[in-house]
Each structure stands twice: as structure tokens, then as C-alpha cells.
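J.: Handing over coords-v4.pdb, PDB, C-alpha atoms.
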ATOM      1  CA  MET W   1     -13.413  18.877 -40.464  1.00  0.00           C
ATOM      2  CA  ALA W   2     -14.683  15.304 -40.802  1.00  0.00           C
ATOM      3  CA  ARG W   3     -18.333  14.804 -39.884  1.00  0.00           C
ATOM      4  CA  ASN W   4     -17.558  12.412 -37.012  1.00  0.00           C
ATOM      5  CA  ASP W   5     -15.210  15.014 -35.513  1.00  0.00           C
ATOM      6  CA  ARG W   6     -17.880  17.696 -35.906  1.00  0.00           C
ATOM      7  CA  LEU W   7     -20.493  15.547 -34.166  1.00  0.00           C
ATOM      8  CA  PHE W   8     -18.067  14.966 -31.304  1.00  0.00           C
ATOM      9  CA  ASP W   9     -17.443  18.718 -31.022  1.00  0.00           C
ATOM     10  CA  LEU W  10     -21.184  19.374 -30.985  1.00  0.00           C
ATOM     11  CA  ILE W  11     -21.605  16.996 -28.058  1.00  0.00           C
ATOM     12  CA  GLN W  12     -18.754  18.732 -26.257  1.00  0.00           C
ATOM     13  CA  ASN W  13     -20.424  22.109 -26.768  1.00  0.00           C
ATOM     14  CA  LEU W  14     -23.764  20.847 -25.481  1.00  0.00           C
ATOM     15  CA  ARG W  15     -22.378  19.196 -22.346  1.00  0.00           C
ATOM     16  CA  ASP W  16     -22.615  22.486 -20.410  1.00  0.00           C
ATOM     17  CA  GLY W  17     -26.406  22.084 -20.233  1.00  0.00           C
ATOM     18  CA  GLN W  18     -27.036  25.510 -21.777  1.00  0.00           C
ATOM     19  CA  LEU W  19     -29.237  26.380 -24.740  1.00  0.00           C
ATOM     20  CA  HIS W  20     -27.209  26.755 -27.966  1.00  0.00           C
ATOM     21  CA  ARG W  21     -28.528  28.256 -31.192  1.00  0.00           C
ATOM     22  CA  ALA W  22     -27.711  26.452 -34.423  1.00  0.00           C
ATOM     23  CA  GLN W  23     -26.398  29.718 -35.871  1.00  0.00           C
ATOM     24  CA  ASP W  24     -23.886  30.081 -33.033  1.00  0.00           C
ATOM     25  CA  LEU W  25     -22.797  26.445 -33.247  1.00  0.00           C
ATOM     26  CA  GLY W  26     -22.299  26.770 -36.994  1.00  0.00           C
ATOM     27  CA  ALA W  27     -20.148  29.877 -36.587  1.00  0.00           C
ATOM     28  CA  ARG W  28     -18.061  28.119 -33.929  1.00  0.00           C
ATOM     29  CA  LEU W  29     -17.477  25.017 -36.073  1.00  0.00           C
ATOM     30  CA  GLY W  30     -17.197  26.789 -39.421  1.00  0.00           C
ATOM     31  CA  VAL W  31     -20.259  25.226 -41.082  1.00  0.00           C
ATOM     32  CA  SER W  32     -23.698  26.429 -42.170  1.00  0.00           C
ATOM     33  CA  THR W  33     -26.781  26.518 -39.972  1.00  0.00           C
ATOM     34  CA  ARG W  34     -28.390  23.879 -42.209  1.00  0.00           C
ATOM     35  CA  THR W  35     -25.454  21.559 -41.558  1.00  0.00           C
ATOM     36  CA  ILE W  36     -25.967  21.995 -37.815  1.00  0.00           C
ATOM     37  CA  TRP W  37     -29.667  21.188 -38.221  1.00  0.00           C
ATOM     38  CA  ARG W  38     -28.792  17.927 -39.996  1.00  0.00           C
ATOM     39  CA  ASP W  39     -26.119  17.040 -37.444  1.00  0.00           C
ATOM     40  CA  MET W  40     -28.446  17.710 -34.519  1.00  0.00           C
ATOM     41  CA  ALA W  41     -31.105  15.511 -36.101  1.00  0.00           C
ATOM     42  CA  THR W  42     -28.504  12.739 -36.373  1.00  0.00           C
ATOM     43  CA  LEU W  43     -27.534  13.096 -32.701  1.00  0.00           C
ATOM     44  CA  ILE W  44     -31.157  13.137 -31.544  1.00  0.00           C
ATOM     45  CA  ASP W  45     -32.004  10.083 -33.680  1.00  0.00           C
ATOM     46  CA  SER W  46     -29.039   8.251 -32.132  1.00  0.00           C
ATOM     47  CA  GLY W  47     -30.726   8.476 -28.737  1.00  0.00           C
ATOM     48  CA  LEU W  48     -28.717  11.240 -27.088  1.00  0.00           C
ATOM     49  CA  PRO W  49     -30.724  13.264 -24.505  1.00  0.00           C
ATOM     50  CA  ILE W  50     -30.870  16.405 -26.662  1.00  0.00           C
ATOM     51  CA  GLU W  51     -33.959  18.576 -26.981  1.00  0.00           C
ATOM     52  CA  GLY W  52     -34.570  21.491 -29.306  1.00  0.00           C
ATOM     53  CA  GLU W  53     -35.755  22.622 -32.687  1.00  0.00           C
ATOM     54  CA  ARG W  54     -34.867  24.920 -35.529  1.00  0.00           C
ATOM     55  CA  GLY W  55     -35.146  28.607 -34.685  1.00  0.00           C
ATOM     56  CA  VAL W  56     -35.039  27.950 -30.928  1.00  0.00           C
ATOM     57  CA  GLY W  57     -31.856  26.059 -30.119  1.00  0.00           C
ATOM     58  CA  TYR W  58     -30.629  22.834 -28.597  1.00  0.00           C
ATOM     59  CA  VAL W  59     -29.875  21.717 -25.063  1.00  0.00           C
ATOM     60  CA  MET W  60     -28.578  18.475 -23.552  1.00  0.00           C
ATOM     61  CA  LYS W  61     -30.918  17.459 -20.740  1.00  0.00           C
ATOM     62  CA  SER W  62     -28.653  14.966 -18.946  1.00  0.00           C
ATOM     63  CA  PRO W  63     -24.882  14.241 -18.794  1.00  0.00           C
ATOM     64  CA  VAL W  64     -23.298  12.100 -21.483  1.00  0.00           C
ATOM     65  CA  SER W  65     -20.101  10.109 -20.993  1.00  0.00           C
ATOM     66  CA  LEU W  66     -17.607  10.301 -23.855  1.00  0.00           C
ATOM     67  CA  PRO W  67     -14.517   8.184 -24.523  1.00  0.00           C
ATOM     68  CA  PRO W  68     -11.554   9.401 -22.457  1.00  0.00           C
ATOM     69  CA  LEU W  69      -9.464   9.925 -25.604  1.00  0.00           C
ATOM     70  CA  ALA W  70     -11.075  10.966 -28.884  1.00  0.00           C
ATOM     71  CA  LEU W  71      -8.713  13.198 -30.830  1.00  0.00           C
ATOM     72  CA  ASN W  72      -8.634  14.019 -34.512  1.00  0.00           C
ATOM     73  CA  ARG W  73      -5.482  13.929 -36.632  1.00  0.00           C
ATOM     74  CA  ASP W  74      -4.608  17.607 -36.144  1.00  0.00           C
ATOM     75  CA  GLU W  75      -5.046  17.281 -32.376  1.00  0.00           C
ATOM     76  CA  PHE W  76      -2.790  14.209 -32.323  1.00  0.00           C
ATOM     77  CA  GLU W  77      -0.102  16.095 -34.236  1.00  0.00           C
ATOM     78  CA  ALA W  78      -0.264  19.068 -31.863  1.00  0.00           C
ATOM     79  CA  LEU W  79      -0.007  16.743 -28.866  1.00  0.00           C
ATOM     80  CA  ARG W  80       2.968  14.898 -30.359  1.00  0.00           C
ATOM     81  CA  LEU W  81       4.833  18.125 -31.045  1.00  0.00           C
ATOM     82  CA  GLY W  82       4.336  19.138 -27.426  1.00  0.00           C
ATOM     83  CA  LEU W  83       5.615  15.764 -26.247  1.00  0.00           C
ATOM     84  CA  ALA W  84       8.608  16.025 -28.568  1.00  0.00           C
ATOM     85  CA  LEU W  85       9.402  19.423 -27.111  1.00  0.00           C
ATOM     86  CA  ALA W  86       9.220  18.082 -23.557  1.00  0.00           C
ATOM     87  CA  SER W  87      11.401  15.100 -24.510  1.00  0.00           C
ATOM     88  CA  SER W  88      14.088  17.325 -26.021  1.00  0.00           C
ATOM     89  CA  LEU W  89      14.637  19.306 -22.819  1.00  0.00           C
ATOM     90  CA  SER W  90      17.129  18.462 -20.116  1.00  0.00           C
ATOM     91  CA  ASP W  91      14.400  18.543 -17.485  1.00  0.00           C
ATOM     92  CA  ARG W  92      14.415  14.839 -16.596  1.00  0.00           C
ATOM     93  CA  ASP W  93      11.012  14.893 -14.906  1.00  0.00           C
ATOM     94  CA  ALA W  94       9.365  16.454 -17.959  1.00  0.00           C
ATOM     95  CA  ALA W  95      11.160  14.101 -20.362  1.00  0.00           C
ATOM     96  CA  ARG W  96      10.180  11.057 -18.289  1.00  0.00           C
ATOM     97  CA  GLY W  97       6.559  12.242 -18.158  1.00  0.00           C
ATOM     98  CA  ALA W  98       6.529  12.825 -21.925  1.00  0.00           C
ATOM     99  CA  ALA W  99       7.800   9.298 -22.612  1.00  0.00           C
ATOM    100  CA  SER W 100       5.185   7.759 -20.309  1.00  0.00           C
ATOM    101  CA  LEU W 101       2.365   9.812 -21.830  1.00  0.00           C
ATOM    102  CA  ARG W 102       3.468   8.946 -25.377  1.00  0.00           C
ATOM    103  CA  ALA W 103       3.271   5.237 -24.541  1.00  0.00           C
ATOM    104  CA  LYS W 104      -0.225   5.608 -23.068  1.00  0.00           C
ATOM    105  CA  ILE W 105      -1.456   7.552 -26.101  1.00  0.00           C
ATOM    106  CA  ASN W 106      -0.043   5.001 -28.536  1.00  0.00           C
ATOM    107  CA  ALA W 107      -1.735   2.199 -26.598  1.00  0.00           C
ATOM    108  CA  VAL W 108      -5.212   3.625 -27.292  1.00  0.00           C
ATOM    109  CA  SER W 109      -4.645   5.361 -30.653  1.00  0.00           C
ATOM    110  CA  PRO W 110      -6.155   4.011 -33.894  1.00  0.00           C
ATOM    111  CA  ALA W 111      -3.608   2.291 -36.112  1.00  0.00           C
ATOM    112  CA  GLY W 112      -3.556   5.142 -38.613  1.00  0.00           C
ATOM    113  CA  LEU W 113      -2.716   7.684 -35.923  1.00  0.00           C
ATOM    114  CA  GLN W 114       0.190   5.930 -34.235  1.00  0.00           C
ATOM    115  CA  ASP W 115       3.170   8.105 -33.282  1.00  0.00           C
ATOM    116  CA  PRO W 116       5.704   7.912 -36.159  1.00  0.00           C
ATOM    117  CA  GLY W 117       8.580   8.980 -33.930  1.00  0.00           C
ATOM    118  CA  VAL W 118       8.490  12.752 -33.598  1.00  0.00           C
ATOM    119  CA  GLU W 119      10.978  12.464 -30.751  1.00  0.00           C
ATOM    120  CA  SER W 120      13.732  12.549 -33.367  1.00  0.00           C
ATOM    121  CA  LEU W 121      13.055  16.263 -33.837  1.00  0.00           C
ATOM    122  CA  VAL W 122      15.336  18.576 -31.845  1.00  0.00           C
ATOM    123  CA  PHE W 123      13.732  21.612 -30.255  1.00  0.00           C
ATOM    124  CA  ALA W 124      16.269  22.558 -27.592  1.00  0.00           C
ATOM    125  CA  SER W 125      18.262  25.766 -28.001  1.00  0.00           C
ATOM    126  CA  PRO W 126      21.406  26.692 -26.023  1.00  0.00           C
ATOM    127  CA  GLU W 127      19.241  29.038 -23.943  1.00  0.00           C
ATOM    128  CA  ALA W 128      16.760  26.266 -23.222  1.00  0.00           C
ATOM    129  CA  GLU W 129      19.573  23.923 -22.211  1.00  0.00           C
ATOM    130  CA  ARG W 130      20.897  26.489 -19.737  1.00  0.00           C
ATOM    131  CA  ALA W 131      17.405  26.989 -18.349  1.00  0.00           C
ATOM    132  CA  ALA W 132      16.745  23.266 -17.931  1.00  0.00           C
ATOM    133  CA  ARG W 133      18.298  22.884 -14.473  1.00  0.00           C
ATOM    134  CA  HIS W 134      15.869  25.457 -13.041  1.00  0.00           C
ATOM    135  CA  LEU W 135      12.675  24.157 -14.651  1.00  0.00           C
ATOM    136  CA  ALA W 136      11.858  21.358 -12.206  1.00  0.00           C
ATOM    137  CA  PRO W 137      12.089  23.513  -9.037  1.00  0.00           C
ATOM    138  CA  ILE W 138      10.217  26.376 -10.729  1.00  0.00           C
ATOM    139  CA  ARG W 139       7.431  24.041 -11.793  1.00  0.00           C
ATOM    140  CA  ARG W 140       7.211  22.700  -8.233  1.00  0.00           C
ATOM    141  CA  ALA W 141       6.992  26.233  -6.853  1.00  0.00           C
ATOM    142  CA  LEU W 142       4.263  27.099  -9.352  1.00  0.00           C
ATOM    143  CA  ARG W 143       2.308  23.963  -8.536  1.00  0.00           C
ATOM    144  CA  ASP W 144       2.580  24.341  -4.743  1.00  0.00           C
ATOM    145  CA  HIS W 145       2.413  28.190  -4.637  1.00  0.00           C
ATOM    146  CA  LEU W 146       5.796  28.582  -2.985  1.00  0.00           C
ATOM    147  CA  VAL W 147       7.985  31.703  -2.990  1.00  0.00           C
ATOM    148  CA  ILE W 148      11.315  31.492  -4.871  1.00  0.00           C
ATOM    149  CA  GLU W 149      14.506  33.367  -4.045  1.00  0.00           C
ATOM    150  CA  VAL W 150      16.295  34.150  -7.322  1.00  0.00           C
ATOM    151  CA  ASP W 151      19.809  35.380  -8.124  1.00  0.00           C
ATOM    152  CA  TYR W 152      19.706  36.798 -11.627  1.00  0.00           C
ATOM    153  CA  THR W 153      21.956  38.429 -14.191  1.00  0.00           C
ATOM    154  CA  SER W 154      20.195  40.802 -16.574  1.00  0.00           C
ATOM    155  CA  ILE W 155      20.901  40.784 -20.316  1.00  0.00           C
ATOM    156  CA  TRP W 156      23.151  43.794 -19.640  1.00  0.00           C
ATOM    157  CA  GLY W 157      25.179  41.814 -17.107  1.00  0.00           C
ATOM    158  CA  ASP W 158      23.803  43.464 -13.956  1.00  0.00           C
ATOM    159  CA  PRO W 159      23.456  41.112 -10.948  1.00  0.00           C
ATOM    160  CA  ARG W 160      20.077  41.270  -9.258  1.00  0.00           C
ATOM    161  CA  SER W 161      18.136  39.364  -6.634  1.00  0.00           C
ATOM    162  CA  HIS W 162      14.391  38.821  -6.394  1.00  0.00           C
ATOM    163  CA  ILE W 163      11.982  37.236  -3.957  1.00  0.00           C
ATOM    164  CA  LEU W 164       9.340  35.996  -6.359  1.00  0.00           C
ATOM    165  CA  ARG W 165       5.859  34.672  -6.185  1.00  0.00           C
ATOM    166  CA  PRO W 166       6.014  32.567  -9.402  1.00  0.00           C
ATOM    167  CA  LEU W 167       2.960  33.113 -11.590  1.00  0.00           C
ATOM    168  CA  HIS W 168       3.582  31.692 -15.059  1.00  0.00           C
ATOM    169  CA  LEU W 169       6.265  29.777 -16.964  1.00  0.00           C
ATOM    170  CA  SER W 170       6.403  30.178 -20.758  1.00  0.00           C
ATOM    171  CA  PHE W 171       8.484  28.775 -23.605  1.00  0.00           C
ATOM    172  CA  TRP W 172       8.952  30.981 -26.671  1.00  0.00           C
ATOM    173  CA  GLY W 173      10.615  28.506 -29.035  1.00  0.00           C
ATOM    174  CA  ARG W 174      14.106  29.470 -27.853  1.00  0.00           C
ATOM    175  CA  VAL W 175      13.984  30.859 -24.327  1.00  0.00           C
ATOM    176  CA  TRP W 176      11.974  30.137 -21.196  1.00  0.00           C
ATOM    177  CA  THR W 177      10.557  33.065 -19.225  1.00  0.00           C
ATOM    178  CA  LEU W 178       9.237  33.207 -15.684  1.00  0.00           C
ATOM    179  CA  LEU W 179       6.631  35.755 -14.696  1.00  0.00           C
ATOM    180  CA  GLY W 180       6.476  36.555 -11.001  1.00  0.00           C
ATOM    181  CA  TRP W 181       5.540  39.166  -8.449  1.00  0.00           C
ATOM    182  CA  CYS W 182       8.672  40.440  -6.693  1.00  0.00           C
ATOM    183  CA  GLU W 183       8.107  41.046  -3.000  1.00  0.00           C
ATOM    184  CA  LYS W 184      11.291  43.130  -2.789  1.00  0.00           C
ATOM    185  CA  ASP W 185      10.343  45.533  -5.570  1.00  0.00           C
ATOM    186  CA  GLY W 186       6.584  45.402  -5.206  1.00  0.00           C
ATOM    187  CA  ASN W 187       6.212  44.879  -8.943  1.00  0.00           C
ATOM    188  CA  PHE W 188       5.954  42.238 -11.654  1.00  0.00           C
ATOM    189  CA  ARG W 189       9.151  40.731 -13.051  1.00  0.00           C
ATOM    190  CA  LEU W 190       9.542  38.784 -16.292  1.00  0.00           C
ATOM    191  CA  LEU W 191      12.837  36.881 -16.151  1.00  0.00           C
ATOM    192  CA  ARG W 192      14.658  34.779 -18.709  1.00  0.00           C
ATOM    193  CA  VAL W 193      15.199  31.449 -16.984  1.00  0.00           C
ATOM    194  CA  ASP W 194      18.557  30.852 -18.720  1.00  0.00           C
ATOM    195  CA  LEU W 195      19.882  34.018 -17.028  1.00  0.00           C
ATOM    196  CA  ILE W 196      19.000  32.787 -13.535  1.00  0.00           C
ATOM    197  CA  ARG W 197      22.113  31.837 -11.555  1.00  0.00           C
ATOM    198  CA  LEU W 198      20.297  30.344  -8.569  1.00  0.00           C
ATOM    199  CA  ALA W 199      16.628  29.586  -7.924  1.00  0.00           C
ATOM    200  CA  GLU W 200      15.921  28.365  -4.410  1.00  0.00           C
ATOM    201  CA  VAL W 201      12.396  27.268  -3.527  1.00  0.00           C
ATOM    202  CA  THR W 202      11.423  28.340  -0.020  1.00  0.00           C
ATOM    203  CA  GLN W 203       8.829  26.736   2.218  1.00  0.00           C
ATOM    204  CA  ARG W 204       6.845  29.972   2.365  1.00  0.00           C
ATOM    205  CA  GLY W 205       3.557  29.697   0.572  1.00  0.00           C
ATOM    206  CA  PHE W 206       1.398  32.442  -0.874  1.00  0.00           C
ATOM    207  CA  LEU W 207      -2.161  32.948  -2.023  1.00  0.00           C
ATOM    208  CA  PRO W 208      -3.326  34.963  -5.054  1.00  0.00           C
ATOM    209  CA  GLU W 209      -3.911  38.620  -4.188  1.00  0.00           C
ATOM    210  CA  PRO W 210      -5.700  41.281  -6.228  1.00  0.00           C
ATOM    211  CA  GLY W 211      -3.189  43.206  -8.315  1.00  0.00           C
ATOM    212  CA  LYS W 212      -0.520  40.517  -8.026  1.00  0.00           C
ATOM    213  CA  THR W 213      -1.704  37.783 -10.409  1.00  0.00           C
ATOM    214  CA  ALA W 214      -0.802  36.825 -13.970  1.00  0.00           C
ATOM    215  CA  GLU W 215      -4.188  38.129 -15.086  1.00  0.00           C
ATOM    216  CA  ASP W 216      -3.372  41.511 -13.522  1.00  0.00           C
ATOM    217  CA  TYR W 217      -0.077  41.579 -15.422  1.00  0.00           C
ATOM    218  CA  LEU W 218      -1.845  40.874 -18.716  1.00  0.00           C
ATOM    219  CA  ALA W 219      -4.457  43.515 -17.960  1.00  0.00           C
ATOM    220  CA  ARG W 220      -1.677  46.018 -17.369  1.00  0.00           C
ATOM    221  CA  LEU W 221      -0.191  45.163 -20.781  1.00  0.00           C
ATOM    222  CA  ASP W 222      -3.582  45.705 -22.411  1.00  0.00           C
ATOM    223  CA  GLY W 223      -4.080  49.025 -20.653  1.00  0.00           C
ATOM    224  CA  PRO W 224      -3.185  52.518 -21.867  1.00  0.00           C
TER     225      PRO W 224
END
Written as C-alpha cells, that's how I'd like the structure from this file.
T.:
Amino acid sequence: MARNDRLFDLIQNLRDGQLHRAQDLGARLGVSTRTIWRDMATLIDSGLPIEGERGVGYVMKSPVSLPPLALNRDEFEALRLGLALASSLSDRDAARGAASLRAKINAVSPAGLQDPGVESLVFASPEAERAARHLAPIRRALRDHLVIEVDYTSIWGDPRSHILRPLHLSFWGRVWTLLGWCEKDGNFRLLRVDLIRLAEVTQRGFLPEPGKTAEDYLARLDGP
């Protein structure tokens, strides 16, 4: 990691106003404690409101404003790949948003980090293409906490229907999946979006309930 990037990350870590030991910061950033001591001395000498000393720790005493966009090369590449993925889908809202965001990023990016045109990469699979028509309404239901009525065909060809509280939408490199709590079955359901025949967003809202959240589903997976 370049030193300027490391200094930026140190500021980000200190912005919570808590006391941070140099040993912990070094482990987090993958450098030695001595390196953290030198970096902290540089930040303090630059006038940042940081107090602390070796063997005790460091704390930022007042808020510091940072540039709205300060990404390193690896972060730019990760962001571009995500934008390329969104652009390759048939979800017009997501593709339009990706194009707009790419233009804004290029407008403020250093010359050496300009987007070389990753949009030429193709990420969409046949399953993702079939799922595309359902993504916009599912995302709206997730955002607004609205119940979805779903007609579904399982991978074995069995027709099913669910009344879902949508909890999480995931892309696995080939297929999209929707995690939800089914009010009909009283259980979690993980559905492949490309196997959904109809997804109708209702006007019935819902609030998170204990035992019916995405975190509860993950906890169940981690259990015995």
C-alpha cells in the first residue's frame, strides 16, 4: 500500500473519536508498529487534531473533513468492475445509474486512473438475462419494505407461490437469488430470480421482526 493511501486509511480509522493503539492500527493496515508511529507523527505535524503517544494510543479530538472521493487504484478497479456488471444487465434503471455514476467518477478521477472502458466486458449469463425483468420491482420492494407476491417454478419444475417479505438480493456471478420471509409458510425462502414467473409488488409494508430478518437467516446457517 502506498504511503499516501495508508495515511488516508489512518485518518479514516481515527474519525470515530476512539482511542486506537498503534499495534492494532498496524495489524489492520499490514505494517509494523514503528511504521504507524512514523505515520502518526507525520499526521500530527501536518496540523491534524490528533493526540496520543507511543505505548498509549492515538485519538482524533475533532472531526476532519476529507475529499468526497479519494480511492486508490485497487478500489477504482473494484468499483469499475461493479459498474461494468450493472451495465451488462438488462435492468435499465441499474444500467442507466451505472452510466451516470461512471461519468461522475471519471470527472473527478486523476488522469492515470481514468476508466479505460471496462463496459466492454460481458458479465450477463442466460440466467441473469431471464432474471433482469424482475430486478427493478424487487429492488423497489427491498428499498420501500413492501411485500411481494411471487409465482415460482422450482428447479424440479414444481409450481409454487409465496407471499414474501424481501430481505436480500444477491448475485453469484451467474444467477440472482432473493432471500425472503414467506408469510404463507412461516419460513425463510431463498429463490432463484430467473425461476420467478411473476413478481408483483403489493402496497403492504412490513417492519423487521425478530426471527424474520436476513441476520436471523445467517445465524440459522451458522448454527448447529
J.: When distances are computed from all atoms listed in the file, which of W:Gly205, W:Pro137, W:Gly30, W:Pro63 shows the smallest separation from Asp93 (chain W)?
T.: W:Pro137
J.: With all atoms listed in the file as the basis for distance, which of W:Gly180, W:Gly82, W:Gly57, W:Gly47 is at the shortest distance from Ala99 (chain W)?
T.: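 Closest to Ala99 (chain W), using all atoms listed in the file: W:Gly82.
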J.: Any idea what the distance is between CA of Gln203 (chain W) and CA of Ala98 (chain W)?
T.: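 Separation between CA of Gln203 (chain W) and CA of Ala98 (chain W): 28.0 Å.
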J.: Using the chain letters and numbers from the file, which residues does the PyMOL selection byres ((chain W and resi 10-25) around 7) grab, as a ChimeraX atom specification?
T.: /W:6-9,26-29,33,36-37,56-61,63
J.: Give as a list in words the residues that the PyMOL selection byres ((chain W and resi 148) around 8) matches when applied to the coordinates above.
T.: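 Here the PyMOL selection byres ((chain W and resi 148) around 8) matches Ile138, Ala141, Leu146, Val147, Glu149, Val150, Ile163, Leu164, Arg165, Pro166, Ala199, Glu200, Val201 and Thr202 of chain W.
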J.: For region 123-136 of chain W, work out the shell of residues within 12 Å, counting only C-alpha atoms and skipping chain neighbours fewer than 3 positions away, then give it as a PyMOL selection string.
T.: chain W and resi 81-95+118-120+139-143+148+150-151+166+168-178+191-201
J.: Quick one: distance from CA of Ala214 (chain W) to CA of Leu101 (chain W) in Å, one decimal?
T.: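 Separating CA of Ala214 (chain W) from CA of Leu101 (chain W) is a distance of 28.3 Å.
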J.: Distance CA of Ala78 (chain W)-CA of Val31 (chain W), one decimal place?
T.: 22.9 Å
J.: Please determine the residues with any atom at most 7 Å from (1.4, 11.0, -26.6) (coordinates as given in the file, with all atoms listed in the file counting) and report them as a list in words.
T.: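 The residues near that point, listed by chain and number, are Leu79, Arg80, Leu83, Leu101, Arg102, Ala103, Lys104, Ile105 and Asn106 of chain W.
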J.: Could you please take those selected residues and save C-alpha atoms as a CSV table (one decimal), in the coordinates of the input?
T.:
chain,number,residue,atom,x,y,z
W,79,LEU,CA,0.0,16.7,-28.9
W,80,ARG,CA,3.0,14.9,-30.4
W,83,LEU,CA,5.6,15.8,-26.2
W,101,LEU,CA,2.4,9.8,-21.8
W,102,ARG,CA,3.5,8.9,-25.4
W,103,ALA,CA,3.3,5.2,-24.5
W,104,LYS,CA,-0.2,5.6,-23.1
W,105,ILE,CA,-1.5,7.6,-26.1
W,106,ASN,CA,0.0,5.0,-28.5
J.: Decode the PyMOL selection byres ((chain W and resi 212) around 9) for the given file into explicit residues and return them as a list of chain:residue names.
T.: W:Arg165, W:Leu167, W:Gly180, W:Trp181, W:Asn187, W:Phe188, W:Pro208, W:Glu209, W:Pro210, W:Gly211, W:Thr213, W:Ala214, W:Glu215, W:Asp216, W:Tyr217
J.: Have a look at W:Arg34, W:Lys184, W:Ser62, W:Glu53 and name the one nearest to His162 (chain W); count only C-alpha atoms.
T.: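 Nearest to His162 (chain W): W:Lys184.
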J.: Kindly indicate which residue among W:Ser32, W:Ile50, W:Arg189, W:Asp39 lies nearest to Asn4 (chain W), using all atoms listed in the file for the distances.
T.: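 Closest to Asn4 (chain W) of all the choices is W:Asp39.
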